[in-house]
file protein.cif (mmCIF, C-alpha atoms)
data_start
#
loop_
_atom_site.label_atom_id
_atom_site.label_comp_id
_atom_site.auth_asym_id
_atom_site.auth_seq_id
_atom_site.Cartn_x
_atom_site.Cartn_y
_atom_site.Cartn_z
CA MET A 1471 108.19 102.84 53.97
CA ALA A 1472 106.21 99.66 54.64
CA GLN A 1473 109.44 97.76 55.24
CA LEU A 1474 110.54 100.41 57.75
CA TRP A 1475 107.30 100.10 59.76
CA LEU A 1476 107.57 96.31 59.65
CA GLY A 1477 111.08 96.53 61.08
CA VAL A 1478 109.93 98.84 63.89
CA CYS A 1479 107.04 96.53 64.82
CA MET A 1480 109.30 93.50 64.88
CA SER A 1481 111.79 95.32 67.12
CA VAL A 1482 109.04 96.35 69.57
CA THR A 1483 107.66 92.79 69.62
CA LEU A 1484 111.09 91.32 70.35
CA CYS A 1485 111.67 93.82 73.16
CA LEU A 1486 108.32 93.01 74.75
CA LYS A 1487 108.94 89.26 74.54
CA ALA A 1488 112.36 89.68 76.10
CA SER A 1489 110.85 91.76 78.91
CA LEU A 1490 108.06 89.29 79.57
CA GLY A 1491 110.67 86.56 79.95
CA LEU A 1492 112.21 88.35 82.94
CA PRO A 1493 111.05 87.80 86.52
CA PRO A 1494 108.02 90.01 87.33
CA GLN A 1495 110.00 92.25 89.70
CA HIS A 1496 112.08 93.44 86.72
CA ARG A 1497 109.04 94.48 84.69
CA GLY A 1498 108.07 97.50 86.75
CA TRP A 1499 108.95 99.78 83.83
CA LEU A 1500 106.55 97.84 81.59
CA ARG A 1501 103.70 98.33 84.02
CA LEU A 1502 104.55 102.02 84.35
CA TRP A 1503 104.59 102.29 80.56
CA GLU A 1504 101.15 100.68 80.37
CA GLU A 1505 99.68 102.87 83.13
CA GLY A 1506 101.31 106.10 82.01
CA GLU A 1507 104.46 107.69 83.36
CA ALA A 1508 103.09 111.04 84.53
CA CYS A 1509 101.17 111.22 87.80
CA GLY A 1510 100.04 114.80 87.47
CA GLU A 1511 98.69 116.97 90.24
CA CYS A 1512 97.27 115.18 93.28
CA ARG A 1513 93.55 115.85 93.62
CA LEU A 1514 92.38 114.12 96.76
CA HIS A 1515 88.70 114.70 95.95
CA LEU A 1516 89.12 112.46 92.90
CA CYS A 1517 90.60 109.55 94.90
CA PRO A 1518 88.36 106.52 95.43
CA PRO A 1519 87.30 105.85 99.05
CA ALA A 1520 90.06 104.24 101.11
CA PRO A 1521 89.51 100.47 101.56
CA GLY A 1522 87.82 99.65 104.83
CA ALA A 1523 89.58 96.34 105.61
CA CYS A 1524 93.35 96.28 105.07
CA PRO A 1525 95.12 93.72 107.33
CA ALA A 1526 98.50 95.43 106.88
CA GLY A 1527 97.14 98.98 106.95
CA LEU A 1528 97.06 101.65 104.26
CA THR A 1529 99.80 103.03 102.02
CA SER A 1530 99.99 105.68 99.30
CA ASP A 1531 99.70 104.74 95.65
CA ARG A 1532 102.65 105.07 93.25
CA CYS A 1533 101.96 108.77 92.85
CA GLY A 1534 101.88 109.39 96.60
CA CYS A 1535 98.33 110.69 96.42
CA CYS A 1536 95.52 108.19 97.01
CA GLU A 1537 95.44 105.52 99.74
CA GLN A 1538 95.36 101.80 99.03
CA CYS A 1539 95.84 98.55 100.95
CA ALA A 1540 99.44 97.73 101.82
CA ASN A 1541 100.84 94.26 101.11
CA VAL A 1542 100.70 91.70 103.94
CA GLU A 1543 103.34 89.29 105.23
CA GLY A 1544 104.39 86.78 102.57
CA GLN A 1545 102.96 88.82 99.69
CA ARG A 1546 105.21 89.84 96.79
CA CYS A 1547 106.44 93.41 96.89
CA ASP A 1548 108.68 95.98 95.24
CA PRO A 1549 112.16 95.85 96.84
CA ASP A 1550 112.99 99.49 96.16
CA GLY A 1551 111.40 102.74 95.08
CA ALA A 1552 112.43 102.37 91.45
CA GLN A 1553 109.31 100.42 90.42
CA THR A 1554 105.68 99.92 91.41
CA PHE A 1555 104.85 96.47 90.10
CA TYR A 1556 103.63 94.61 93.22
CA GLY A 1557 103.16 97.44 95.70
CA SER A 1558 104.52 98.41 99.12
CA CYS A 1559 104.57 96.44 102.37
CA GLY A 1560 102.55 97.58 105.36
CA ALA A 1561 103.78 98.97 108.67
CA ALA A 1562 106.34 96.80 110.54
CA LEU A 1563 107.06 94.91 107.30
CA VAL A 1564 110.11 95.08 105.04
CA CYS A 1565 110.49 93.89 101.44
CA LEU A 1566 113.23 91.25 101.21
CA ARG A 1567 114.30 88.73 98.60
CA ARG A 1568 113.63 85.09 99.31
CA THR A 1569 116.51 82.64 99.60
CA ALA A 1570 116.25 79.89 97.01
CA ARG A 1571 115.62 76.44 98.49
CA GLN A 1572 118.45 73.95 98.36
CA GLY A 1573 118.04 71.27 95.72
CA ARG A 1574 115.89 73.48 93.49
CA ASP A 1575 116.89 75.55 90.51
CA ASN A 1576 118.58 78.55 92.07
CA MET A 1577 117.19 81.83 90.86
CA ALA A 1578 119.72 84.55 90.23
CA ASP A 1579 117.23 87.08 91.53
CA PRO A 1580 114.71 85.51 93.98
CA GLU A 1581 111.23 86.98 94.29
CA PRO A 1582 110.91 89.70 96.96
CA VAL A 1583 108.23 89.28 99.64
CA CYS A 1584 107.08 91.22 102.68
CA VAL A 1585 108.76 90.01 105.89
CA CYS A 1586 107.92 91.10 109.43
CA ARG A 1587 110.63 93.24 111.02
CA ASP A 1588 109.95 91.83 114.50
CA GLU A 1589 110.18 88.05 114.40
CA GLY A 1590 109.30 85.86 117.35
CA PRO A 1591 106.04 84.87 119.07
CA VAL A 1592 103.78 87.48 120.65
CA CYS A 1593 101.09 87.02 123.28
CA GLY A 1594 97.86 88.77 122.29
CA SER A 1595 95.43 90.44 124.66
CA ASP A 1596 92.97 87.66 123.71
CA GLY A 1597 95.25 85.07 125.32
CA TRP A 1598 96.33 83.51 122.01
CA THR A 1599 99.93 83.22 120.80
CA TYR A 1600 100.77 84.72 117.39
CA ALA A 1601 103.83 83.91 115.29
CA ASN A 1602 104.87 87.56 115.24
CA LEU A 1603 103.59 91.09 115.77
CA CYS A 1604 102.54 91.46 112.12
CA GLN A 1605 100.22 88.45 112.28
CA LEU A 1606 98.68 89.82 115.47
CA ARG A 1607 97.96 93.11 113.72
CA GLU A 1608 96.51 91.29 110.72
CA ALA A 1609 94.20 89.31 113.02
CA ALA A 1610 93.03 92.50 114.73
CA SER A 1611 92.27 94.14 111.37
CA ARG A 1612 90.58 91.03 109.96
CA ASP A 1613 88.33 90.56 113.00
CA GLY A 1614 87.73 94.28 113.58
CA THR A 1615 88.86 94.09 117.22
CA THR A 1616 91.10 96.14 119.51
CA LEU A 1617 93.54 93.23 119.82
CA GLU A 1618 96.93 94.30 121.21
CA ALA A 1619 100.18 92.67 122.27
CA SER A 1620 100.25 91.96 125.99
CA GLY A 1621 103.83 90.70 125.99
CA MET A 1622 106.63 89.26 123.88
CA GLY A 1623 106.90 85.50 123.77
CA PRO A 1624 104.13 82.88 123.91
CA CYS A 1625 101.13 83.23 126.20
CA HIS A 1626 101.43 81.05 129.27
CA SER A 1627 98.07 79.36 129.32
CA ALA A 1628 96.15 76.16 129.87
CA PRO A 1629 95.61 74.02 126.75
CA ARG A 1630 93.17 75.19 124.08
CA VAL A 1631 91.73 73.12 121.26
CA LEU A 1632 92.68 74.24 117.77
CA ARG A 1633 91.06 71.30 115.99
CA ALA A 1634 88.66 68.90 117.67
CA PRO A 1635 88.04 65.29 116.59
CA LYS A 1636 85.03 64.76 114.33
CA ASP A 1637 82.16 62.29 114.65
CA LEU A 1638 82.78 59.26 112.47
CA VAL A 1639 80.83 56.32 111.05
CA GLY A 1640 82.84 53.20 110.18
CA TYR A 1641 82.21 49.62 109.11
CA VAL A 1642 83.30 46.37 110.71
CA GLY A 1643 86.70 45.36 109.38
CA SER A 1644 87.66 48.83 108.10
CA GLY A 1645 89.86 51.36 109.86
CA ALA A 1646 89.30 54.85 111.26
CA VAL A 1647 91.34 57.80 112.50
CA LEU A 1648 90.37 60.48 115.02
CA GLY A 1649 92.61 63.56 115.14
CA CYS A 1650 93.04 66.43 117.57
CA GLU A 1651 95.26 69.54 117.75
CA VAL A 1652 95.83 71.67 120.85
CA THR A 1653 97.98 74.63 121.80
CA ALA A 1654 99.46 75.75 125.12
CA SER A 1655 102.60 77.05 126.77
CA PRO A 1656 104.15 75.10 128.40
CA LEU A 1657 103.42 72.43 125.77
CA PRO A 1658 100.75 70.04 127.04
CA ASN A 1659 100.63 66.28 127.41
CA THR A 1660 97.88 64.64 125.35
CA HIS A 1661 96.01 61.37 125.87
CA TRP A 1662 93.03 59.50 124.41
CA ARG A 1663 90.34 57.79 126.46
CA LYS A 1664 87.13 56.00 125.58
CA ARG A 1665 84.13 57.04 127.65
CA GLY A 1666 83.39 54.45 130.30
CA ALA A 1667 86.99 53.16 130.45
CA ASP A 1668 89.33 53.90 133.35
CA HIS A 1669 92.61 53.86 131.39
CA PHE A 1670 94.25 55.79 128.58
CA LEU A 1671 94.51 54.28 125.10
CA PRO A 1672 95.95 52.26 123.51
CA GLY A 1673 96.17 50.07 126.61
CA ASP A 1674 96.31 46.38 125.71
CA HIS A 1675 94.30 46.75 122.47
CA PRO A 1676 96.51 45.38 119.64
CA HIS A 1677 94.42 47.08 116.91
CA VAL A 1678 94.54 50.54 118.55
CA SER A 1679 97.49 52.94 118.32
CA VAL A 1680 98.18 56.56 119.28
CA GLN A 1681 100.56 58.99 117.59
CA VAL A 1682 101.71 62.38 118.94
CA ARG A 1683 103.91 65.03 117.39
CA GLY A 1684 104.65 68.72 117.76
CA GLY A 1685 103.11 71.23 115.35
CA PRO A 1686 102.13 72.02 112.69
CA GLN A 1687 101.96 75.42 114.39
CA ARG A 1688 104.44 76.60 117.00
CA TYR A 1689 103.42 75.80 120.59
CA SER A 1690 100.91 73.22 119.36
CA VAL A 1691 100.64 69.44 119.58
CA SER A 1692 98.83 67.11 117.16
CA THR A 1693 97.67 63.62 118.08
CA TRP A 1694 95.86 60.81 116.25
CA LEU A 1695 93.96 57.77 117.50
CA GLN A 1696 94.04 55.00 114.88
CA ILE A 1697 91.80 51.93 115.06
CA GLU A 1698 92.38 49.08 112.60
CA ALA A 1699 89.90 46.31 111.77
CA LEU A 1700 86.93 47.94 113.51
CA GLN A 1701 84.74 45.78 115.74
CA LEU A 1702 81.26 46.52 117.07
CA SER A 1703 82.79 46.91 120.53
CA ASP A 1704 84.88 49.86 119.25
CA ALA A 1705 81.76 52.03 118.98
CA GLY A 1706 81.64 54.78 121.56
CA VAL A 1707 82.68 58.31 122.50
CA TYR A 1708 86.41 59.06 122.41
CA SER A 1709 88.00 62.06 124.11
CA CYS A 1710 91.27 63.83 123.37
CA ILE A 1711 92.54 65.02 126.77
CA SER A 1712 95.24 67.68 127.06
CA LEU A 1713 96.82 69.09 130.22
CA ASN A 1714 99.77 71.11 131.51
CA ALA A 1715 100.66 72.83 134.79
CA LEU A 1716 98.08 75.57 134.16
CA GLY A 1717 95.01 73.50 133.38
CA GLU A 1718 93.25 70.82 131.38
CA THR A 1719 90.81 70.59 128.49
CA TRP A 1720 89.31 67.91 126.30
CA ALA A 1721 87.27 67.43 123.14
CA SER A 1722 85.16 64.42 122.20
CA ALA A 1723 83.77 62.69 119.13
CA ARG A 1724 81.44 59.71 118.61
CA LEU A 1725 82.49 56.66 116.60
CA THR A 1726 79.56 54.62 115.21
CA VAL A 1727 80.29 51.15 113.82
CA LEU A 1728 77.99 49.54 111.21
CA ILE A 1729 78.02 45.84 110.35
CA THR A 1730 78.17 46.19 106.54
CA LYS A 1731 77.37 48.73 103.87
CA GLY A 1732 73.83 48.35 102.61
CA GLN A 1733 72.50 46.73 105.79
CA GLY A 1734 70.52 48.57 108.42
CA ALA A 1735 71.91 46.63 111.36
CA GLU A 1736 74.24 48.82 113.39
CA LYS A 1737 75.42 49.47 116.90
CA ARG A 1738 75.47 53.00 118.28
CA PHE A 1739 76.86 54.12 121.61
CA GLY A 1740 75.48 56.84 123.89
CA GLU A 1741 73.51 58.85 121.33
CA GLU A 1742 71.55 60.49 124.10
CA GLU A 1743 74.74 61.77 125.75
CA GLU A 1744 75.99 65.30 125.16
CA LEU A 1745 79.55 65.71 123.92
CA HIS A 1746 81.93 68.17 125.57
CA VAL A 1747 81.79 71.38 123.52
CA VAL A 1748 84.97 73.39 123.10
CA ARG A 1749 85.95 76.55 121.22
CA THR A 1750 87.92 75.53 118.15
CA GLU A 1751 89.81 77.46 115.53
CA GLU A 1752 90.47 75.73 112.20
CA GLY A 1753 94.13 75.42 111.23
CA GLY A 1754 95.71 74.88 107.80
CA GLU A 1755 96.05 71.49 106.12
CA ASP A 1756 99.39 69.86 106.75
CA GLY A 1757 99.09 66.77 104.57
CA GLU A 1758 98.44 64.37 107.49
CA THR A 1759 95.50 62.02 107.81
CA GLY A 1760 92.70 64.00 109.42
CA SER A 1761 90.07 63.21 111.99
CA GLY A 1762 87.15 61.32 110.48
CA ASP A 1763 89.18 59.59 107.74
CA PHE A 1764 88.80 55.93 106.86
CA LEU A 1765 91.58 53.43 106.33
CA GLY A 1766 90.10 50.96 103.85
#
call {"tool": "encode", "arguments": {"input": "protein.cif", "output": "structure tokens"}}
result
Amino acid sequence: MAQLWLGVCMSVTLCLKASLGLPPQHRGWLRLWEEGEACGECRLHLCPPAPGACPAGLTSDRCGCCEQCANVEGQRCDPDGAQTFYGSCGAALVCLRRTARQGRDNMADPEPVCVCRDEGPVCGSDGWTYANLCQLREAASRDGTTLEASGMGPCHSAPRVLRAPKDLVGYVGSGAVLGCEVTASPLPNTHWRKRGADHFLPGDHPHVSVQVRGGPQRYSVSTWLQIEALQLSDAGVYSCISLNALGETWASARLTVLITKGQGAEKRFGEEEELHVVRTEEGGEDGETGSGDFLG
């Protein structure tokens, strides 16, 4: 009898190990087994209160009784009604399998994620452009506003600052980078200028360079001002200026240059002056050198 029980336990263990080796989307039956197969009668008065903040809205639980938060764009999901491992996507979202990236190990069964049904940029009633309608709805839920779509396609607007340059302290002989990111449609032109100068940078300064590129977000432009081998004369207030046919904006930061580390001697520029204040909205990291970084 003991040998029989030992054989049963070993068989169950092997089955569980084999199941755990499968991709998570194939283990819905295991989760159902752990939670119990029968749903029973729906008693709404026993349901917990519905969550108050669900960016993708509410959906019914696996038993179709109580309400819970639906999965948002990019979140893993259950591709069909045969399992309830990850959960259901919210309104205007569909559960699709991801295409494996070229050059990587191809998965026979890629992970399913929630994808917005309506792709393409949307102009919000707040004047900001969103990647798609789902992201606009998520923003409205997250901020608790009555944000709505005012039109398909990007908002036609004057430039707005997504990320302003940051004040920076550097040392003579070292390097520094000031960064700025703006958004607008049509895409804006961007320039750098030092306060008190009548020309755009880099001008004829051999140790100053400017880089501009599109992104990282759609309808945005990123620009960097790089200064190598800092000199005392580089101290000052630098402005990132952006303009298109609909308007102009700018954001400023102060660069302070010290002689050496450990010495009190320093040169500061215009500390009594007020910097131009703009509304900014932090974006995600994109791996580039950011404003306020040193180049040793």
call {"tool": "closest_residue", "arguments": {"input": "protein.cif", "among": "A:Asn1602, A:Thr1660, A:Thr1615, A:Ser1620", "to": "Leu1713 (chain A)", "atoms": "only C-alpha atoms"}}
result
A:Thr1660
call {"tool": "axis_aligned_box", "arguments": {"input": "protein.cif", "around": "region 1722-1726 of chain A", "padding_each_side": "6 Å", "output": "lines of an AutoDock Vina configuration file"}}
result
center_x = 82.4
center_y = 59.5
center_z = 118.7
size_x = 17.6
size_y = 21.8
size_z = 19.0
call {"tool": "resolve_selection", "arguments": {"input": "protein.cif", "expression": "the PyMOL selection byres ((chain A and resi 1593) around 10)", "output": "MDAnalysis selection string"}}
result
chainID A and resid 1591:1592 1594:1603 1606 1618:1626
call {"tool": "atom_distance", "arguments": {"input": "protein.cif", "atom1": "CA of Val1631 (chain A)", "atom2": "CA of Arg1663 (chain A)"}}
result
16.2 Å
call {"tool": "atom_distance", "arguments": {"input": "protein.cif", "atom1": "CA of Ser1712 (chain A)", "atom2": "CA of Ile1697 (chain A)"}}
result
20.1 Å
call {"tool": "atom_distance", "arguments": {"input": "protein.cif", "atom1": "CA of Arg1532 (chain A)", "atom2": "CA of Phe1555 (chain A)"}}
result
9.4 Å
call {"tool": "closest_residue", "arguments": {"input": "protein.cif", "among": "A:Glu1651, A:Asp1704, A:Glu1543, A:Asp1674", "to": "Glu1589 (chain A)", "atoms": "all atoms listed in the file"}}
result
A:Glu1543
call {"tool": "residues_around", "arguments": {"input": "protein.cif", "residues": "Gly1557 (chain A)", "least_positions_apart": "6", "cutoff": "10 Å", "atoms": "all atoms listed in the file", "output": "list of chain:residue names"}}
result
A:Thr1529, A:Ser1530, A:Asp1531, A:Arg1532, A:Gln1538, A:Cys1539, A:Ala1540, A:Asn1541, A:Gln1545, A:Arg1546, A:Cys1547, A:Asp1548, A:Pro1549, A:Gly1551, A:Cys1565
call {"tool": "residues_near_point", "arguments": {"input": "protein.cif", "point": "(97.6, 74.0, 133.6)", "cutoff": "10 Å", "atoms": "only C-alpha atoms", "output": "number ranges by chain"}}
result
A: 1626-1629, 1654-1658, 1712-1719
call {"tool": "resolve_selection", "arguments": {"input": "protein.cif", "expression": "the PyMOL selection byres ((chain A and resi 1662) around 8)", "output": "PDB file with C-alpha atoms, in the coordinates of the input"}}
result
ATOM      1  CA  THR A1660      97.880  64.640 125.350  1.00  0.00           C
ATOM      2  CA  HIS A1661      96.010  61.370 125.870  1.00  0.00           C
ATOM      3  CA  ARG A1663      90.340  57.790 126.460  1.00  0.00           C
ATOM      4  CA  LYS A1664      87.130  56.000 125.580  1.00  0.00           C
ATOM      5  CA  PHE A1670      94.250  55.790 128.580  1.00  0.00           C
ATOM      6  CA  LEU A1671      94.510  54.280 125.100  1.00  0.00           C
ATOM      7  CA  PRO A1672      95.950  52.260 123.510  1.00  0.00           C
ATOM      8  CA  VAL A1680      98.180  56.560 119.280  1.00  0.00           C
ATOM      9  CA  LEU A1695      93.960  57.770 117.500  1.00  0.00           C
ATOM     10  CA  TYR A1708      86.410  59.060 122.410  1.00  0.00           C
ATOM     11  CA  SER A1709      88.000  62.060 124.110  1.00  0.00           C
ATOM     12  CA  CYS A1710      91.270  63.830 123.370  1.00  0.00           C
ATOM     13  CA  ILE A1711      92.540  65.020 126.770  1.00  0.00           C
TER      14      ILE A1711
END
call {"tool": "closest_residue", "arguments": {"input": "protein.cif", "among": "A:Glu1698, A:Asp1550, A:Glu1537, A:Asp1588", "to": "Pro1519 (chain A)", "atoms": "all atoms listed in the file"}}
result
A:Glu1537
call {"tool": "closest_residue", "arguments": {"input": "protein.cif", "among": "A:Ala1721, A:Pro1580, A:Gly1684, A:Arg1612", "to": "Arg1567 (chain A)", "atoms": "all atoms listed in the file"}}
result
A:Pro1580
call {"tool": "resolve_selection", "arguments": {"input": "protein.cif", "expression": "the PyMOL selection byres ((chain A and resi 1525) around 9)", "output": "mmCIF file with C-alpha atoms, in the frame of the given file"}}
result
data_model
loop_
_atom_site.group_PDB
_atom_site.id
_atom_site.type_symbol
_atom_site.label_atom_id
_atom_site.label_comp_id
_atom_site.auth_asym_id
_atom_site.auth_seq_id
_atom_site.Cartn_x
_atom_site.Cartn_y
_atom_site.Cartn_z
ATOM 1 C CA ALA A 1523 89.580 96.340 105.610
ATOM 2 C CA CYS A 1524 93.350 96.280 105.070
ATOM 3 C CA ALA A 1526 98.500 95.430 106.880
ATOM 4 C CA GLY A 1527 97.140 98.980 106.950
ATOM 5 C CA LEU A 1528 97.060 101.650 104.260
ATOM 6 C CA CYS A 1539 95.840 98.550 100.950
ATOM 7 C CA ALA A 1540 99.440 97.730 101.820
ATOM 8 C CA ASN A 1541 100.840 94.260 101.110
ATOM 9 C CA VAL A 1542 100.700 91.700 103.940
ATOM 10 C CA GLY A 1560 102.550 97.580 105.360
ATOM 11 C CA GLN A 1605 100.220 88.450 112.280
ATOM 12 C CA ARG A 1607 97.960 93.110 113.720
ATOM 13 C CA GLU A 1608 96.510 91.290 110.720
ATOM 14 C CA ALA A 1609 94.200 89.310 113.020
ATOM 15 C CA ALA A 1610 93.030 92.500 114.730
ATOM 16 C CA SER A 1611 92.270 94.140 111.370
ATOM 17 C CA ARG A 1612 90.580 91.030 109.960
#
